[in-house]
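**Q** Here you go, one structure.
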Amino acid sequence: MVPSHPGQPGGPAAPVAANAALLGAVRASLPASVRVDPEDATAALASFSASCNFALRREDASGLTRTSDWEAPCAAAATWPREQATAFFGRYFRPVRVGDGKAYATGYFEPEIRGSRTRRPGYEAPVYGVPDDLVRCWRDGTPASEKVGNPPLSRRTATGSCVPYYDRAEIERGALAGRGLEIGWAADPVELFFLQIQGSGRLRTPEGEIIRIGYAGQNGHAYTGIGGLMRARGLLGSGPGQYSGSMQGIMQYIREHPQDGAALMRENRSWVFFRVLEGDGPLGSLGVPVRGHSSVAVDPKFVPYGAPVLLETDRDVANGLWVAQDTGGAIRGANRFDTFWGAPRRRQWPVGGAGYGRRDQ
């Protein structure tokens, strides 16, 4: 949904990109399955209001809106009665269909795993903060003709050279050990691997303390979804000896084949660094807390950050009103969405879902 043109509720909006086929202001034509539930609208209004600072100061990469389009709805959201949230979205927004409208929606959550602030027996997998030698620089030998845009995330050596940063295998072998980068320790490296994929989570200590951690950076290596590798190798499916194409099924394979499972995880060379979060969280790409059952990750090239998103899918669990507040490495394309379900909510999402690669950027 995009803001209605100022002064014309439900009327023509600002010029939109060619890949958006307008549904116009005919709210009655929306399928019944995606009609806005008042409870969803109340949560979405709170999320929308929290995103306004971003929408008001950043250019919309999708081309669907102008910064000025957000002024009226953002001003109104600050004082709009929450019990009338449905009327707010009807007053200030109108629906558009992006591309052909054929969506693929997955889900992610804020996992809780066993952890500790300090290393102790049974808690040996380091949770690293961002190292100071992780910088953006042009790597040695890069031709001048290729130095376009932002330099890649790399490692600055003691001699001043710029080289690729350590990959997952090197980090697991101790490349960052002894530098005081540990913000915590996990009991299970497999659980930590999947927490990195989610991009945020909680460490529960043996004493019952909850340490919330969030995405702080990434090592510059491309994300590789191990679910896709397993499917290509015939390991996932419903046949004899195959595993369920869900996060739980993939974890089962890794646990039952520890040596092959460890090698499989290292094929994802990406490594995510964390920081300890205080207060609300986890934080999405806009720097505001994402809310379960309300926030959705999108590709900002097609869907504006902060925009309300109406989903209608063949799995009605994801249908309804969401707010675009996040993105990720696997969330690419006009109608690719990743819905956030809070913590600790575990669901059997298909491979490619459950946030696979969502935070690797």
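Naming works like this for the structure tokens: A, B, ... for the chains as they're shown, residue 1 at the start of each chain, ligands 1 onward in shown order.
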Write out as a tab-separated table (two decimals) with all heavy atoms, in the first residue's frame the residues lying within 10 Å of A:Ser285, counting only C-alpha atoms and excluding same-chain residues fewer than 3 positions away.
**A**
chain	number	residue	atom	x	y	z
A	215	TYR	N	21.89	-8.28	15.10
A	215	TYR	CA	22.81	-8.18	13.97
A	215	TYR	C	23.64	-6.90	14.08
A	215	TYR	O	23.11	-5.81	14.29
A	215	TYR	CB	22.01	-8.18	12.68
A	215	TYR	CG	22.82	-8.02	11.42
A	215	TYR	CD1	23.28	-9.13	10.73
A	215	TYR	CD2	23.10	-6.77	10.90
A	215	TYR	CE1	24.01	-8.99	9.55
A	215	TYR	CE2	23.83	-6.61	9.72
A	215	TYR	CZ	24.27	-7.73	9.06
A	215	TYR	OH	24.99	-7.58	7.90
A	288	VAL	N	14.72	0.28	13.97
A	288	VAL	CA	13.63	0.29	14.95
A	288	VAL	C	13.26	-1.16	15.27
A	288	VAL	O	13.47	-2.06	14.45
A	288	VAL	CB	12.40	1.06	14.43
A	288	VAL	CG1	12.75	2.50	14.14
A	288	VAL	CG2	11.81	0.39	13.18
A	289	PRO	N	12.71	-1.41	16.46
A	289	PRO	CA	12.35	-2.79	16.82
A	289	PRO	C	11.29	-3.35	15.88
A	289	PRO	O	10.33	-2.67	15.53
A	289	PRO	CB	11.80	-2.65	18.24
A	289	PRO	CG	12.38	-1.37	18.76
A	289	PRO	CD	12.48	-0.47	17.57
A	290	VAL	N	11.51	-4.59	15.45
A	290	VAL	CA	10.48	-5.28	14.67
A	290	VAL	C	9.54	-5.99	15.64
A	290	VAL	O	9.95	-6.41	16.72
A	290	VAL	CB	11.10	-6.27	13.67
A	290	VAL	CG1	11.83	-5.53	12.57
A	290	VAL	CG2	12.05	-7.25	14.36
A	297	ALA	N	9.97	-8.38	6.25
A	297	ALA	CA	11.16	-8.03	5.48
A	297	ALA	C	10.79	-8.00	4.00
A	297	ALA	O	10.05	-8.87	3.51
A	297	ALA	CB	12.27	-9.04	5.74
A	305	TYR	N	10.36	1.01	2.26
A	305	TYR	CA	10.50	0.83	3.70
A	305	TYR	C	9.41	1.65	4.42
A	305	TYR	O	9.15	2.80	4.07
A	305	TYR	CB	11.86	1.31	4.17
A	305	TYR	CG	12.98	0.31	4.05
A	305	TYR	CD1	14.24	0.70	3.64
A	305	TYR	CD2	12.78	-1.03	4.39
A	305	TYR	CE1	15.29	-0.20	3.56
A	305	TYR	CE2	13.82	-1.94	4.32
A	305	TYR	CZ	15.07	-1.53	3.89
A	305	TYR	OH	16.10	-2.44	3.81
A	324	ALA	N	6.57	-2.94	6.29
A	324	ALA	CA	7.92	-3.23	5.78
A	324	ALA	C	8.96	-2.54	6.64
A	324	ALA	O	9.14	-1.34	6.57
A	324	ALA	CB	8.02	-2.75	4.33
A	325	GLN	N	9.69	-3.33	7.44
A	325	GLN	CA	10.68	-2.77	8.37
A	325	GLN	C	12.03	-3.48	8.33
A	325	GLN	O	12.89	-3.19	9.14
A	325	GLN	CB	10.14	-2.83	9.80
A	325	GLN	CG	8.94	-1.94	10.06
A	325	GLN	CD	8.49	-1.98	11.49
A	325	GLN	OE1	8.22	-3.04	12.05
A	325	GLN	NE2	8.41	-0.81	12.11
A	326	ASP	N	12.21	-4.41	7.40
A	326	ASP	CA	13.43	-5.20	7.42
A	326	ASP	C	13.74	-5.65	6.00
A	326	ASP	O	12.93	-5.51	5.08
A	326	ASP	CB	13.24	-6.41	8.34
A	326	ASP	CG	14.55	-6.89	8.96
A	326	ASP	OD1	15.61	-6.34	8.62
A	326	ASP	OD2	14.51	-7.83	9.78
A	327	THR	N	14.92	-6.22	5.81
A	327	THR	CA	15.30	-6.80	4.53
A	327	THR	C	16.31	-7.90	4.82
A	327	THR	O	16.58	-8.23	5.97
A	327	THR	CB	15.87	-5.75	3.57
A	327	THR	OG1	15.99	-6.33	2.26
A	327	THR	CG2	17.25	-5.27	4.02
A	328	GLY	N	16.90	-8.48	3.78
A	328	GLY	CA	17.91	-9.51	3.98
A	328	GLY	C	18.44	-10.06	2.68
A	328	GLY	O	17.89	-9.81	1.61
A	359	ARG	N	19.48	-11.93	6.87
A	359	ARG	CA	20.22	-10.79	7.41
A	359	ARG	C	21.59	-10.61	6.77
A	359	ARG	O	22.27	-9.65	7.07
A	359	ARG	CB	20.39	-10.95	8.93
A	359	ARG	CG	19.09	-10.93	9.67
A	359	ARG	CD	18.42	-9.60	9.54
A	359	ARG	NE	19.23	-8.55	10.12
A	359	ARG	CZ	19.01	-7.27	9.99
A	359	ARG	NH1	18.04	-6.84	9.24
A	359	ARG	NH2	19.78	-6.38	10.58
**Q** What does the distance from atom CA of A:Thr142 to atom CA of A:Ile171 come to in Å, to one decimal?
**A** 24.7 Å
**Q** List the spatial neighbours of stretch 262-268 of chain A as a PyMOL selection string - criterion: any atom at most 9 Å away, only C-alpha atoms, same-chain residues fewer than 5 positions off excluded.
**A** chain A and resi 167-169+172+190+193+221-226+229-230+254+257
**Q** Restricting the output to N, CA and C atoms, write the selected residues as a compact mmCIF listing (two decimals), in the first residue's frame.
**A**
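Wrote again30.txt, looks like this:
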# COMPACT_ATOMS: atom_id res chain seq x y z
N ASP A 167 36.68 -16.26 6.44
CA ASP A 167 35.38 -16.89 6.19
C ASP A 167 34.99 -17.76 7.38
N ARG A 168 33.84 -18.42 7.27
CA ARG A 168 33.33 -19.20 8.41
C ARG A 168 34.32 -20.25 8.88
N ALA A 169 34.91 -21.00 7.96
CA ALA A 169 35.84 -22.05 8.36
C ALA A 169 37.03 -21.47 9.12
N GLU A 172 35.93 -20.37 12.60
CA GLU A 172 35.73 -21.54 13.47
C GLU A 172 37.05 -22.15 13.90
N VAL A 190 25.54 -25.50 16.42
CA VAL A 190 24.49 -25.64 15.42
C VAL A 190 23.38 -24.61 15.68
N PHE A 193 24.64 -21.28 14.60
CA PHE A 193 24.61 -21.15 13.14
C PHE A 193 23.24 -20.66 12.68
N HIS A 221 31.45 -12.18 2.98
CA HIS A 221 31.33 -13.33 2.09
C HIS A 221 29.86 -13.58 1.78
N ALA A 222 29.57 -14.01 0.57
CA ALA A 222 28.19 -14.23 0.15
C ALA A 222 27.54 -15.34 0.96
N TYR A 223 26.27 -15.14 1.25
CA TYR A 223 25.50 -16.16 1.97
C TYR A 223 25.18 -17.32 1.03
N THR A 224 25.32 -18.53 1.53
CA THR A 224 24.93 -19.74 0.81
C THR A 224 23.92 -20.49 1.65
N GLY A 225 22.71 -20.68 1.14
CA GLY A 225 21.68 -21.39 1.88
C GLY A 225 21.94 -22.89 1.87
N ILE A 226 22.19 -23.47 3.02
CA ILE A 226 22.52 -24.90 3.03
C ILE A 226 21.29 -25.74 2.71
N LEU A 229 21.52 -26.38 -0.91
CA LEU A 229 22.55 -27.38 -1.20
C LEU A 229 22.04 -28.78 -0.92
N MET A 230 21.34 -28.93 0.21
CA MET A 230 20.82 -30.24 0.57
C MET A 230 19.77 -30.73 -0.42
N ILE A 254 22.07 -32.43 10.34
CA ILE A 254 23.38 -32.02 10.84
C ILE A 254 23.74 -32.77 12.12
N HIS A 257 24.53 -36.44 11.33
CA HIS A 257 25.75 -36.59 10.52
C HIS A 257 26.70 -35.46 10.91
**Q** Check the smallest atom-to-atom distance from each of A:Leu236, A:Ala105, A:Val303, A:Leu310 to A:Asp338 using only C-alpha atoms, then report the winner.
**A** A:Ala105
**Q** Which parts of stretch 107-338 of chain A does DSSP call strand (DSSP E) when run on the backbone here, written out as a PyMOL selection string?
**A** chain A and resi 107-108+112-116+125-128+134-136+153-156+162-163+182-186+200-204+210-218+272-276+295-297+308-311+320-326+336-338
**Q** At what distance in Å, to one decimal, does atom CA of A:Asn150 lie from atom CA of A:Gly329?
**A** 16.7 Å
**Q** So which one's closest to A:Gly129, A:Ala46, A:Ile331, A:Ala41, A:Ala177? Using only C-alpha atoms, please.
**A** A:Ala177
**Q** Give the alpha helix (DSSP H) residues of stretch 59-272 of chain A, as assigned by DSSP on the backbone, as a PyMOL selection string.
**A** chain A and resi 71-77+85-92+168-172+189-198+226-232+247-256+258-266
**Q** Got a sec: who's within 10 Å of A:Ala76, counting only C-alpha atoms, leaving out chain neighbours fewer than 5 positions off, as a list of chain:residue names?
**A**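 In the requested form, the answer reads A:Ser49, A:Glu71, A:Pro81, A:Phe88, A:Tyr92.
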**Q** Give me the stretch 77-159 of chain A side of the contact with stretch 50-70 of chain A, cut-off 12 Å, one line per residue showing its nearest atom pair and distance in Å at one decimal, counting only C-alpha atoms, sorted by chain and residue number, as a tab-separated table.
**A**
residue	atom	partner	partner_atom	distance
A:Ala77	CA	A:Cys52	CA	8.9
A:Ala78	CA	A:Ala50	CA	9.2
A:Tyr92	CA	A:Trp70	CA	9.3
A:Phe93	CA	A:Trp70	CA	10.0
A:Arg94	CA	A:Leu64	CA	12.0
A:Pro95	CA	A:Leu64	CA	11.5
A:Val96	CA	A:Leu64	CA	9.4
A:Arg97	CA	A:Leu64	CA	11.0
A:Val98	CA	A:Leu64	CA	9.5
A:Gly99	CA	A:Ser62	CA	11.7
**Q** Those same residues - N, CA, C and O atoms - I'd like them written as a PDB file, in the first residue's frame.
**A**
ATOM      1  N   ALA A  77      -0.372   9.739  12.149  1.00  0.00           N
ATOM      2  CA  ALA A  77      -0.157   8.507  12.927  1.00  0.00           C
ATOM      3  C   ALA A  77       0.216   8.795  14.365  1.00  0.00           C
ATOM      4  O   ALA A  77      -0.087   8.008  15.267  1.00  0.00           O
ATOM      5  N   ALA A  78       0.884   9.910  14.606  1.00  0.00           N
ATOM      6  CA  ALA A  78       1.366  10.224  15.952  1.00  0.00           C
ATOM      7  C   ALA A  78       0.227  10.371  16.948  1.00  0.00           C
ATOM      8  O   ALA A  78       0.387  10.058  18.136  1.00  0.00           O
ATOM      9  N   TYR A  92      -5.405   7.079   4.575  1.00  0.00           N
ATOM     10  CA  TYR A  92      -4.135   7.596   4.085  1.00  0.00           C
ATOM     11  C   TYR A  92      -3.422   6.715   3.065  1.00  0.00           C
ATOM     12  O   TYR A  92      -2.372   7.109   2.548  1.00  0.00           O
ATOM     13  N   PHE A  93      -3.946   5.542   2.766  1.00  0.00           N
ATOM     14  CA  PHE A  93      -3.254   4.645   1.841  1.00  0.00           C
ATOM     15  C   PHE A  93      -4.221   4.051   0.835  1.00  0.00           C
ATOM     16  O   PHE A  93      -5.413   3.964   1.072  1.00  0.00           O
ATOM     17  N   ARG A  94      -3.640   3.659  -0.265  1.00  0.00           N
ATOM     18  CA  ARG A  94      -4.401   2.906  -1.257  1.00  0.00           C
ATOM     19  C   ARG A  94      -3.543   1.742  -1.732  1.00  0.00           C
ATOM     20  O   ARG A  94      -2.309   1.822  -1.750  1.00  0.00           O
ATOM     21  N   PRO A  95      -4.170   0.654  -2.141  1.00  0.00           N
ATOM     22  CA  PRO A  95      -3.403  -0.533  -2.522  1.00  0.00           C
ATOM     23  C   PRO A  95      -2.865  -0.464  -3.945  1.00  0.00           C
ATOM     24  O   PRO A  95      -3.511   0.072  -4.843  1.00  0.00           O
ATOM     25  N   VAL A  96      -1.673  -0.992  -4.127  1.00  0.00           N
ATOM     26  CA  VAL A  96      -1.121  -1.208  -5.462  1.00  0.00           C
ATOM     27  C   VAL A  96      -0.621  -2.646  -5.510  1.00  0.00           C
ATOM     28  O   VAL A  96      -0.279  -3.227  -4.485  1.00  0.00           O
ATOM     29  N   ARG A  97      -0.602  -3.193  -6.707  1.00  0.00           N
ATOM     30  CA  ARG A  97      -0.024  -4.527  -6.884  1.00  0.00           C
ATOM     31  C   ARG A  97       1.337  -4.350  -7.526  1.00  0.00           C
ATOM     32  O   ARG A  97       1.465  -3.710  -8.574  1.00  0.00           O
ATOM     33  N   VAL A  98       2.371  -4.902  -6.914  1.00  0.00           N
ATOM     34  CA  VAL A  98       3.723  -4.774  -7.440  1.00  0.00           C
ATOM     35  C   VAL A  98       4.010  -5.935  -8.385  1.00  0.00           C
ATOM     36  O   VAL A  98       3.799  -7.099  -8.030  1.00  0.00           O
ATOM     37  N   GLY A  99       4.468  -5.622  -9.594  1.00  0.00           N
ATOM     38  CA  GLY A  99       4.762  -6.666 -10.561  1.00  0.00           C
ATOM     39  C   GLY A  99       3.515  -7.452 -10.903  1.00  0.00           C
ATOM     40  O   GLY A  99       2.421  -6.911 -11.051  1.00  0.00           O
TER      41      GLY A  99
END
**Q** Against stretch 271-277 of chain A, which residues of stretch 200-225 of chain A fall within 8 Å? For each one I want the closest pair of atoms and the distance in Å (one decimal), counting only C-alpha atoms, rows by chain and increasing residue number, as CSV.
**A**
residue,atom,partner,partner_atom,distance
A:Ser200,CA,A:Phe274,CA,7.8
A:Ile211,CA,A:Val276,CA,7.1
A:Arg212,CA,A:Leu277,CA,5.4
A:Ile213,CA,A:Val276,CA,4.5
A:Gly214,CA,A:Phe274,CA,5.3
A:Tyr215,CA,A:Phe274,CA,4.7
A:Ala216,CA,A:Phe274,CA,4.7
A:Gly217,CA,A:Phe273,CA,5.0
A:Gln218,CA,A:Val272,CA,4.5
A:Asn219,CA,A:Trp271,CA,5.6
A:His221,CA,A:Trp271,CA,7.6
**Q** From the set A:Asp133, A:Arg332, A:Gly320, A:Glu83, which residue has the shortest atom-to-atom contact distance to A:Tyr166, counting only C-alpha atoms?
**A**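 Of all the options, A:Asp133 lies closest to A:Tyr166.
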**Q** Any idea what the distance is between atom CA of A:Gly228 and atom CA of A:Phe109?
**A** 20.0 Å
**Q** Give me, as a list in words, all polymer residues having an atom no more than 9 Å from A:Ala103, counting only C-alpha atoms and skipping those fewer than 6 positions away in the same chain.
**A**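 Returned residues: Leu311, Glu312, Thr313, Ala334, Asn335, Arg336 and Phe337 of chain A.
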**Q** Show me, as a compact mmCIF listing (two decimals) with all heavy atoms, in the first residue's frame, the residues that have an atom within 12 Å of A:Val148 when counting only C-alpha atoms, minus same-chain residues fewer than 5 positions from it.
**A**
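Final output, selection_1.txt:
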# COMPACT_ATOMS: atom_id res chain seq x y z
N CYS A 137 37.02 -1.60 1.90
CA CYS A 137 38.19 -1.10 1.16
C CYS A 137 38.31 -1.88 -0.14
O CYS A 137 37.79 -2.99 -0.27
CB CYS A 137 39.46 -1.22 2.00
SG CYS A 137 39.85 -2.90 2.57
N TRP A 138 39.00 -1.25 -1.10
CA TRP A 138 39.23 -1.93 -2.37
C TRP A 138 40.39 -2.89 -2.19
O TRP A 138 41.48 -2.50 -1.79
CB TRP A 138 39.52 -0.92 -3.47
CG TRP A 138 38.33 -0.06 -3.79
CD1 TRP A 138 38.19 1.27 -3.55
CD2 TRP A 138 37.12 -0.51 -4.38
NE1 TRP A 138 36.96 1.70 -3.96
CE2 TRP A 138 36.27 0.63 -4.47
CE3 TRP A 138 36.64 -1.73 -4.84
CZ2 TRP A 138 34.99 0.56 -5.01
CZ3 TRP A 138 35.35 -1.81 -5.37
CH2 TRP A 138 34.55 -0.67 -5.46
N THR A 142 42.57 -4.78 -7.32
CA THR A 142 41.30 -4.46 -7.97
C THR A 142 41.54 -3.40 -9.06
O THR A 142 42.07 -2.32 -8.77
CB THR A 142 40.27 -3.91 -6.97
OG1 THR A 142 40.07 -4.86 -5.93
CG2 THR A 142 38.95 -3.61 -7.66
N PRO A 143 41.17 -3.68 -10.31
CA PRO A 143 41.37 -2.69 -11.38
C PRO A 143 40.58 -1.42 -11.11
O PRO A 143 39.49 -1.46 -10.53
CB PRO A 143 40.84 -3.41 -12.64
CG PRO A 143 40.88 -4.87 -12.29
CD PRO A 143 40.60 -4.94 -10.82
